[in-house]
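K.L.:
Attaching a single structure in structure tokens format; questions to follow.
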Amino acid sequence: QVQLVESGGGSVQAGGSLRLSCTASGYTSSRFCMGWFRQAPGKEREGVAAVYTRGGSIYYADSVKGRFTISQDNAKKTLYLQMNSLKAEDTAMYYCAADGPYSDYISCGAGRMETKFWGQGTQVTVSS
């Protein structure tokens, strides 16, 4: 069973930065798609970014392109989301998600990853 634990959320002023981390355990395969989702109050959950753990496939939502960067440290089984130039509309609960083993490479990079495993979420609040 894959377990995901997020950290790094908090409160920041608009224009600031935060880095989220997601530490995974319980899997050995490198063919996973790992991603970040967010949900603001009263809104639907949306995919923010995703990366194929073998590399070569990355997805960003249009709303975060150029501001957010997803990365991974496979040795530490940790996924990161560097968030720069934060805006008030980025305020949401952020969730780490994973699909695998043998996740679909193309779907991962197209923002259509399956979500078999979820973390508990970490709150990001951006004040304007």
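In the structure tokens, chains take letters A, B, ... by order of appearance, with residues numbered from 1 within each chain and ligands from 1 in the order shown.
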Quick one: residues within 10 Å of Asp73 of chain A, only C-alpha atoms counted, chain neighbours fewer than 6 positions away excluded, as a PyMOL selection string?
P.N.:
chain A and resi 23+53+79-80
K.L.:
Quick one: residues within 8 Å of segment 94-108 of chain A, only C-alpha atoms, excluding same-chain residues fewer than 2 positions away - as a compact mmCIF listing (two decimals) with all heavy atoms, in the first residue's frame?
P.N.:
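So the final result, stored in result-v6.txt, reads:
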```txt
# COMPACT_ATOMS: atom_id res chain seq x y z
N LEU A 4 1.29 8.46 1.23
CA LEU A 4 1.79 9.77 0.83
C LEU A 4 1.59 10.75 1.98
O LEU A 4 0.50 10.84 2.53
CB LEU A 4 1.06 10.27 -0.41
CG LEU A 4 1.05 9.33 -1.61
CD1 LEU A 4 0.11 9.85 -2.69
CD2 LEU A 4 2.45 9.17 -2.17
N VAL A 5 2.63 11.49 2.30
CA VAL A 5 2.55 12.47 3.39
C VAL A 5 3.06 13.81 2.87
O VAL A 5 4.23 13.94 2.50
CB VAL A 5 3.38 12.03 4.61
CG1 VAL A 5 3.30 13.08 5.70
CG2 VAL A 5 2.89 10.67 5.12
N GLU A 6 2.17 14.80 2.87
CA GLU A 6 2.54 16.14 2.39
C GLU A 6 3.03 17.01 3.55
O GLU A 6 2.65 16.80 4.71
CB GLU A 6 1.35 16.85 1.73
CG GLU A 6 0.73 16.15 0.55
CD GLU A 6 -0.53 15.44 0.93
OE1 GLU A 6 -0.64 15.00 2.10
OE2 GLU A 6 -1.42 15.29 0.07
N CYS A 22 6.12 15.93 -0.71
CA CYS A 22 5.29 14.74 -0.56
C CYS A 22 6.23 13.54 -0.48
O CYS A 22 6.88 13.20 -1.47
CB CYS A 22 4.33 14.61 -1.73
SG CYS A 22 3.41 13.05 -1.78
N SER A 29 8.41 0.27 -7.54
CA SER A 29 8.45 0.48 -8.98
C SER A 29 8.71 1.93 -9.32
O SER A 29 8.26 2.83 -8.61
CB SER A 29 7.12 0.06 -9.61
OG SER A 29 7.03 0.49 -10.95
N SER A 30 9.42 2.18 -10.41
CA SER A 30 9.65 3.56 -10.83
C SER A 30 8.60 4.04 -11.81
O SER A 30 8.61 5.18 -12.22
CB SER A 30 11.03 3.69 -11.46
OG SER A 30 11.10 2.89 -12.61
N ARG A 31 7.69 3.19 -12.19
CA ARG A 31 6.69 3.56 -13.19
C ARG A 31 5.43 4.09 -12.53
O ARG A 31 4.36 3.52 -12.66
CB ARG A 31 6.39 2.37 -14.09
CG ARG A 31 7.60 1.92 -14.88
CD ARG A 31 7.27 0.74 -15.75
NE ARG A 31 8.46 0.24 -16.44
CZ ARG A 31 8.47 -0.81 -17.23
NH1 ARG A 31 7.36 -1.49 -17.46
NH2 ARG A 31 9.58 -1.19 -17.80
N PHE A 32 5.60 5.16 -11.82
CA PHE A 32 4.49 5.83 -11.18
C PHE A 32 4.31 7.20 -11.78
O PHE A 32 5.26 7.83 -12.23
CB PHE A 32 4.74 5.99 -9.67
CG PHE A 32 4.27 4.85 -8.83
CD1 PHE A 32 4.94 3.63 -8.86
CD2 PHE A 32 3.15 4.97 -8.01
CE1 PHE A 32 4.50 2.57 -8.09
CE2 PHE A 32 2.72 3.92 -7.22
CZ PHE A 32 3.39 2.71 -7.25
N CYS A 33 3.10 7.67 -11.75
CA CYS A 33 2.81 9.07 -12.04
C CYS A 33 2.48 9.71 -10.70
O CYS A 33 1.62 9.22 -9.96
CB CYS A 33 1.64 9.21 -13.00
SG CYS A 33 1.26 10.93 -13.43
N MET A 34 3.21 10.78 -10.39
CA MET A 34 3.00 11.48 -9.13
C MET A 34 2.51 12.89 -9.46
O MET A 34 3.05 13.54 -10.36
CB MET A 34 4.32 11.58 -8.35
CG MET A 34 4.99 10.25 -8.07
SD MET A 34 4.11 9.29 -6.84
CE MET A 34 4.36 10.30 -5.38
N GLY A 35 1.53 13.34 -8.72
CA GLY A 35 0.99 14.66 -9.05
C GLY A 35 0.50 15.45 -7.86
O GLY A 35 0.39 14.93 -6.74
N TRP A 36 0.25 16.70 -8.14
CA TRP A 36 -0.34 17.61 -7.15
C TRP A 36 -1.71 18.07 -7.65
O TRP A 36 -1.86 18.44 -8.81
CB TRP A 36 0.54 18.83 -6.94
CG TRP A 36 1.83 18.52 -6.25
CD1 TRP A 36 3.05 18.29 -6.82
CD2 TRP A 36 2.04 18.39 -4.84
NE1 TRP A 36 3.99 18.03 -5.86
CE2 TRP A 36 3.39 18.09 -4.63
CE3 TRP A 36 1.20 18.51 -3.72
CZ2 TRP A 36 3.95 17.90 -3.36
CZ3 TRP A 36 1.74 18.33 -2.46
CH2 TRP A 36 3.10 18.03 -2.30
N PHE A 37 -2.66 18.05 -6.74
CA PHE A 37 -4.00 18.54 -7.00
C PHE A 37 -4.31 19.60 -5.94
O PHE A 37 -3.67 19.65 -4.89
CB PHE A 37 -5.03 17.41 -6.91
CG PHE A 37 -4.92 16.41 -8.03
CD1 PHE A 37 -3.89 15.47 -8.06
CD2 PHE A 37 -5.85 16.40 -9.06
CE1 PHE A 37 -3.79 14.55 -9.10
CE2 PHE A 37 -5.76 15.48 -10.10
CZ PHE A 37 -4.73 14.57 -10.10
N ARG A 38 -5.32 20.40 -6.22
CA ARG A 38 -5.74 21.37 -5.22
C ARG A 38 -7.25 21.54 -5.28
O ARG A 38 -7.88 21.31 -6.31
CB ARG A 38 -5.05 22.73 -5.41
CG ARG A 38 -5.43 23.46 -6.68
CD ARG A 38 -4.58 24.73 -6.83
NE ARG A 38 -4.91 25.49 -8.02
CZ ARG A 38 -4.25 26.56 -8.44
NH1 ARG A 38 -3.19 27.01 -7.75
NH2 ARG A 38 -4.63 27.19 -9.54
N GLN A 39 -7.80 21.93 -4.14
CA GLN A 39 -9.24 22.19 -4.07
C GLN A 39 -9.49 23.37 -3.16
O GLN A 39 -9.11 23.34 -1.99
CB GLN A 39 -10.01 20.96 -3.58
CG GLN A 39 -11.51 21.13 -3.67
CD GLN A 39 -12.26 19.82 -3.51
OE1 GLN A 39 -11.74 18.85 -2.95
NE2 GLN A 39 -13.49 19.78 -4.00
N ALA A 50 2.01 17.21 -12.68
CA ALA A 50 2.27 15.78 -12.55
C ALA A 50 3.59 15.44 -13.22
O ALA A 50 4.04 16.14 -14.15
CB ALA A 50 1.14 14.95 -13.19
N VAL A 51 4.21 14.37 -12.74
CA VAL A 51 5.48 13.94 -13.31
C VAL A 51 5.55 12.42 -13.29
O VAL A 51 5.08 11.77 -12.35
CB VAL A 51 6.67 14.55 -12.53
CG1 VAL A 51 6.68 14.09 -11.08
CG2 VAL A 51 7.99 14.24 -13.20
N TYR A 52 6.12 11.85 -14.36
CA TYR A 52 6.33 10.40 -14.44
C TYR A 52 7.65 10.10 -13.75
O TYR A 52 8.67 10.73 -14.06
CB TYR A 52 6.35 9.98 -15.90
CG TYR A 52 6.21 8.51 -16.14
CD1 TYR A 52 5.03 7.85 -15.82
CD2 TYR A 52 7.23 7.77 -16.72
CE1 TYR A 52 4.88 6.50 -16.06
CE2 TYR A 52 7.10 6.43 -16.96
CZ TYR A 52 5.92 5.80 -16.63
OH TYR A 52 5.77 4.46 -16.87
N SER A 57 8.11 13.00 -18.76
CA SER A 57 6.70 13.35 -18.92
C SER A 57 6.29 14.24 -17.76
O SER A 57 6.30 13.81 -16.61
CB SER A 57 5.84 12.09 -18.95
OG SER A 57 4.49 12.40 -19.20
N ILE A 58 5.95 15.48 -18.06
CA ILE A 58 5.55 16.44 -17.04
C ILE A 58 4.32 17.18 -17.53
O ILE A 58 4.21 17.53 -18.70
CB ILE A 58 6.68 17.45 -16.73
CG1 ILE A 58 7.84 16.74 -16.03
CG2 ILE A 58 6.18 18.59 -15.86
CD1 ILE A 58 8.99 17.65 -15.68
N TYR A 59 3.43 17.45 -16.59
CA TYR A 59 2.21 18.20 -16.90
C TYR A 59 2.09 19.39 -15.95
O TYR A 59 2.41 19.28 -14.76
CB TYR A 59 0.98 17.30 -16.74
CG TYR A 59 -0.32 18.07 -16.65
CD1 TYR A 59 -0.93 18.57 -17.80
CD2 TYR A 59 -0.90 18.33 -15.42
CE1 TYR A 59 -2.10 19.29 -17.72
CE2 TYR A 59 -2.08 19.06 -15.33
CZ TYR A 59 -2.67 19.53 -16.49
OH TYR A 59 -3.83 20.25 -16.40
N ALA A 92 -5.78 27.15 -1.48
CA ALA A 92 -6.50 25.88 -1.59
C ALA A 92 -5.84 24.85 -0.69
O ALA A 92 -4.74 25.08 -0.17
CB ALA A 92 -6.48 25.37 -3.04
N ALA A 110 -0.28 14.31 -19.91
CA ALA A 110 -1.42 15.04 -20.48
C ALA A 110 -2.37 15.56 -19.42
O ALA A 110 -3.41 16.12 -19.74
CB ALA A 110 -2.17 14.14 -21.46
N GLY A 111 -2.01 15.34 -18.16
CA GLY A 111 -2.89 15.81 -17.10
C GLY A 111 -4.09 14.93 -16.86
O GLY A 111 -5.10 15.39 -16.31
N ARG A 112 -3.97 13.67 -17.26
CA ARG A 112 -5.09 12.74 -17.07
C ARG A 112 -4.69 11.54 -16.23
O ARG A 112 -5.13 10.43 -16.46
CB ARG A 112 -5.59 12.26 -18.44
CG ARG A 112 -6.12 13.35 -19.35
CD ARG A 112 -6.86 12.74 -20.54
NE ARG A 112 -6.02 11.82 -21.29
CZ ARG A 112 -5.26 12.18 -22.32
NH1 ARG A 112 -5.23 13.45 -22.70
NH2 ARG A 112 -4.54 11.29 -22.96
N MET A 113 -3.86 11.78 -15.24
CA MET A 113 -3.41 10.67 -14.42
C MET A 113 -4.54 10.07 -13.60
O MET A 113 -5.47 10.77 -13.18
CB MET A 113 -2.29 11.12 -13.46
CG MET A 113 -2.72 12.11 -12.38
SD MET A 113 -1.39 12.48 -11.19
CE MET A 113 -1.34 10.97 -10.22
N GLU A 114 -4.48 8.75 -13.43
CA GLU A 114 -5.35 8.10 -12.48
C GLU A 114 -4.85 8.47 -11.09
O GLU A 114 -3.70 8.84 -10.90
CB GLU A 114 -5.29 6.57 -12.67
CG GLU A 114 -5.79 6.07 -14.02
CD GLU A 114 -7.29 6.21 -14.16
OE1 GLU A 114 -7.98 6.15 -13.14
OE2 GLU A 114 -7.76 6.40 -15.30
N THR A 115 -5.73 8.36 -10.11
CA THR A 115 -5.34 8.74 -8.75
C THR A 115 -5.72 7.62 -7.79
O THR A 115 -6.80 7.62 -7.21
CB THR A 115 -6.01 10.05 -8.33
OG1 THR A 115 -7.42 9.96 -8.59
CG2 THR A 115 -5.45 11.23 -9.09
N LYS A 116 -4.80 6.67 -7.66
CA LYS A 116 -5.08 5.52 -6.80
C LYS A 116 -4.79 5.82 -5.33
O LYS A 116 -5.40 5.24 -4.44
CB LYS A 116 -4.24 4.33 -7.25
CG LYS A 116 -4.61 3.75 -8.60
CD LYS A 116 -3.75 2.55 -8.93
CE LYS A 116 -4.11 1.97 -10.29
NZ LYS A 116 -3.23 0.83 -10.66
N PHE A 117 -3.84 6.68 -5.11
CA PHE A 117 -3.40 6.95 -3.75
C PHE A 117 -3.37 8.46 -3.50
O PHE A 117 -3.00 9.23 -4.38
CB PHE A 117 -2.01 6.37 -3.51
CG PHE A 117 -1.88 4.93 -3.90
CD1 PHE A 117 -1.27 4.56 -5.09
CD2 PHE A 117 -2.39 3.94 -3.08
CE1 PHE A 117 -1.17 3.24 -5.46
CE2 PHE A 117 -2.28 2.60 -3.43
CZ PHE A 117 -1.68 2.25 -4.63
N TRP A 118 -3.77 8.84 -2.28
CA TRP A 118 -3.84 10.25 -1.92
C TRP A 118 -3.15 10.52 -0.59
O TRP A 118 -3.18 9.68 0.31
CB TRP A 118 -5.31 10.69 -1.78
CG TRP A 118 -6.06 10.78 -3.06
CD1 TRP A 118 -6.85 9.82 -3.61
CD2 TRP A 118 -6.11 11.89 -3.95
NE1 TRP A 118 -7.39 10.26 -4.79
CE2 TRP A 118 -6.95 11.54 -5.02
CE3 TRP A 118 -5.52 13.15 -3.95
CZ2 TRP A 118 -7.22 12.40 -6.09
CZ3 TRP A 118 -5.80 14.01 -5.01
CH2 TRP A 118 -6.63 13.63 -6.06
N GLY A 119 -2.60 11.71 -0.48
CA GLY A 119 -2.13 12.18 0.81
C GLY A 119 -3.26 12.87 1.56
O GLY A 119 -4.38 12.98 1.06
N GLN A 120 -2.95 13.36 2.74
CA GLN A 120 -3.98 13.96 3.59
C GLN A 120 -4.20 15.43 3.27
O GLN A 120 -5.20 16.01 3.70
CB GLN A 120 -3.60 13.79 5.07
CG GLN A 120 -2.61 14.82 5.61
CD GLN A 120 -1.18 14.61 5.13
OE1 GLN A 120 -0.87 13.61 4.47
NE2 GLN A 120 -0.30 15.53 5.46
N GLY A 121 -3.30 16.03 2.54
CA GLY A 121 -3.46 17.43 2.13
C GLY A 121 -2.70 18.39 3.02
O GLY A 121 -2.44 18.11 4.20
N THR A 122 -2.34 19.52 2.43
CA THR A 122 -1.69 20.59 3.18
C THR A 122 -2.26 21.91 2.68
O THR A 122 -2.41 22.12 1.48
CB THR A 122 -0.15 20.53 3.03
OG1 THR A 122 0.46 21.51 3.87
CG2 THR A 122 0.30 20.75 1.59
N GLN A 123 -2.58 22.80 3.61
CA GLN A 123 -3.26 24.04 3.27
C GLN A 123 -2.26 25.11 2.83
O GLN A 123 -1.23 25.32 3.47
CB GLN A 123 -4.06 24.56 4.47
CG GLN A 123 -4.77 25.87 4.25
CD GLN A 123 -5.90 25.77 3.24
OE1 GLN A 123 -6.62 24.77 3.20
NE2 GLN A 123 -6.08 26.80 2.42
N VAL A 124 -2.61 25.77 1.73
CA VAL A 124 -1.85 26.92 1.25
C VAL A 124 -2.79 28.12 1.22
O VAL A 124 -3.87 28.05 0.60
CB VAL A 124 -1.28 26.67 -0.16
CG1 VAL A 124 -0.68 27.95 -0.73
CG2 VAL A 124 -0.22 25.57 -0.11
```
K.L.:
With DSSP run on the backbone, what are the strand (DSSP E or B) residues within chain A? I'd like them as an MDAnalysis selection string.
P.N.:
chainID A and resid 3:7 10:13 18:25 33:39 46:52 58:60 68:73 78:83 92:99 117:118 122:127
K.L.:
Give the helix (DSSP H, G or I) residues of chain A, as assigned by DSSP on the backbone, as a ChimeraX atom specification.
P.N.:
/A:88-90,105-109
K.L.:
Selection from above, C-alpha atoms, as a PDB file, in the first residue's frame, can you write it?
P.N.:
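Full text of selection35.pdb as output:
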```pdb
ATOM      1  CA  ALA A  88      -4.683  34.796  -3.916  1.00  0.00           C
ATOM      2  CA  GLU A  89      -6.411  32.390  -6.295  1.00  0.00           C
ATOM      3  CA  ASP A  90      -3.789  29.765  -5.477  1.00  0.00           C
ATOM      4  CA  TYR A 105       3.178   7.627 -19.386  1.00  0.00           C
ATOM      5  CA  ILE A 106       1.085   9.532 -21.897  1.00  0.00           C
ATOM      6  CA  SER A 107      -1.834  10.143 -19.564  1.00  0.00           C
ATOM      7  CA  CYS A 108       0.555  11.399 -16.906  1.00  0.00           C
ATOM      8  CA  GLY A 109       2.002  14.050 -19.173  1.00  0.00           C
TER       9      GLY A 109
END
```
K.L.:
I want to know what sits within 8 Å of Gly16 of chain A, based on only C-alpha atoms, with residues of the same chain fewer than 2 positions away left out; could you give that as a ChimeraX atom specification?
P.N.:
/A:12-14,18,84-86
K.L.:
A:Lys87, A:Arg45, A:Arg54, A:Arg19: which is nearest Thr69 of chain A, counting only C-alpha atoms?
P.N.:
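Checking each candidate against Thr69 of chain A, we get A:Arg19 as the closest.
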K.L.:
I'd like to know which of A:Thr78, A:Met93, A:Gly8, A:Ser127 is closest to Gly42 of chain A, using only C-alpha atoms.
P.N.:
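Among A:Thr78, A:Met93, A:Gly8, A:Ser127, it is A:Met93 that comes nearest to Gly42 of chain A.
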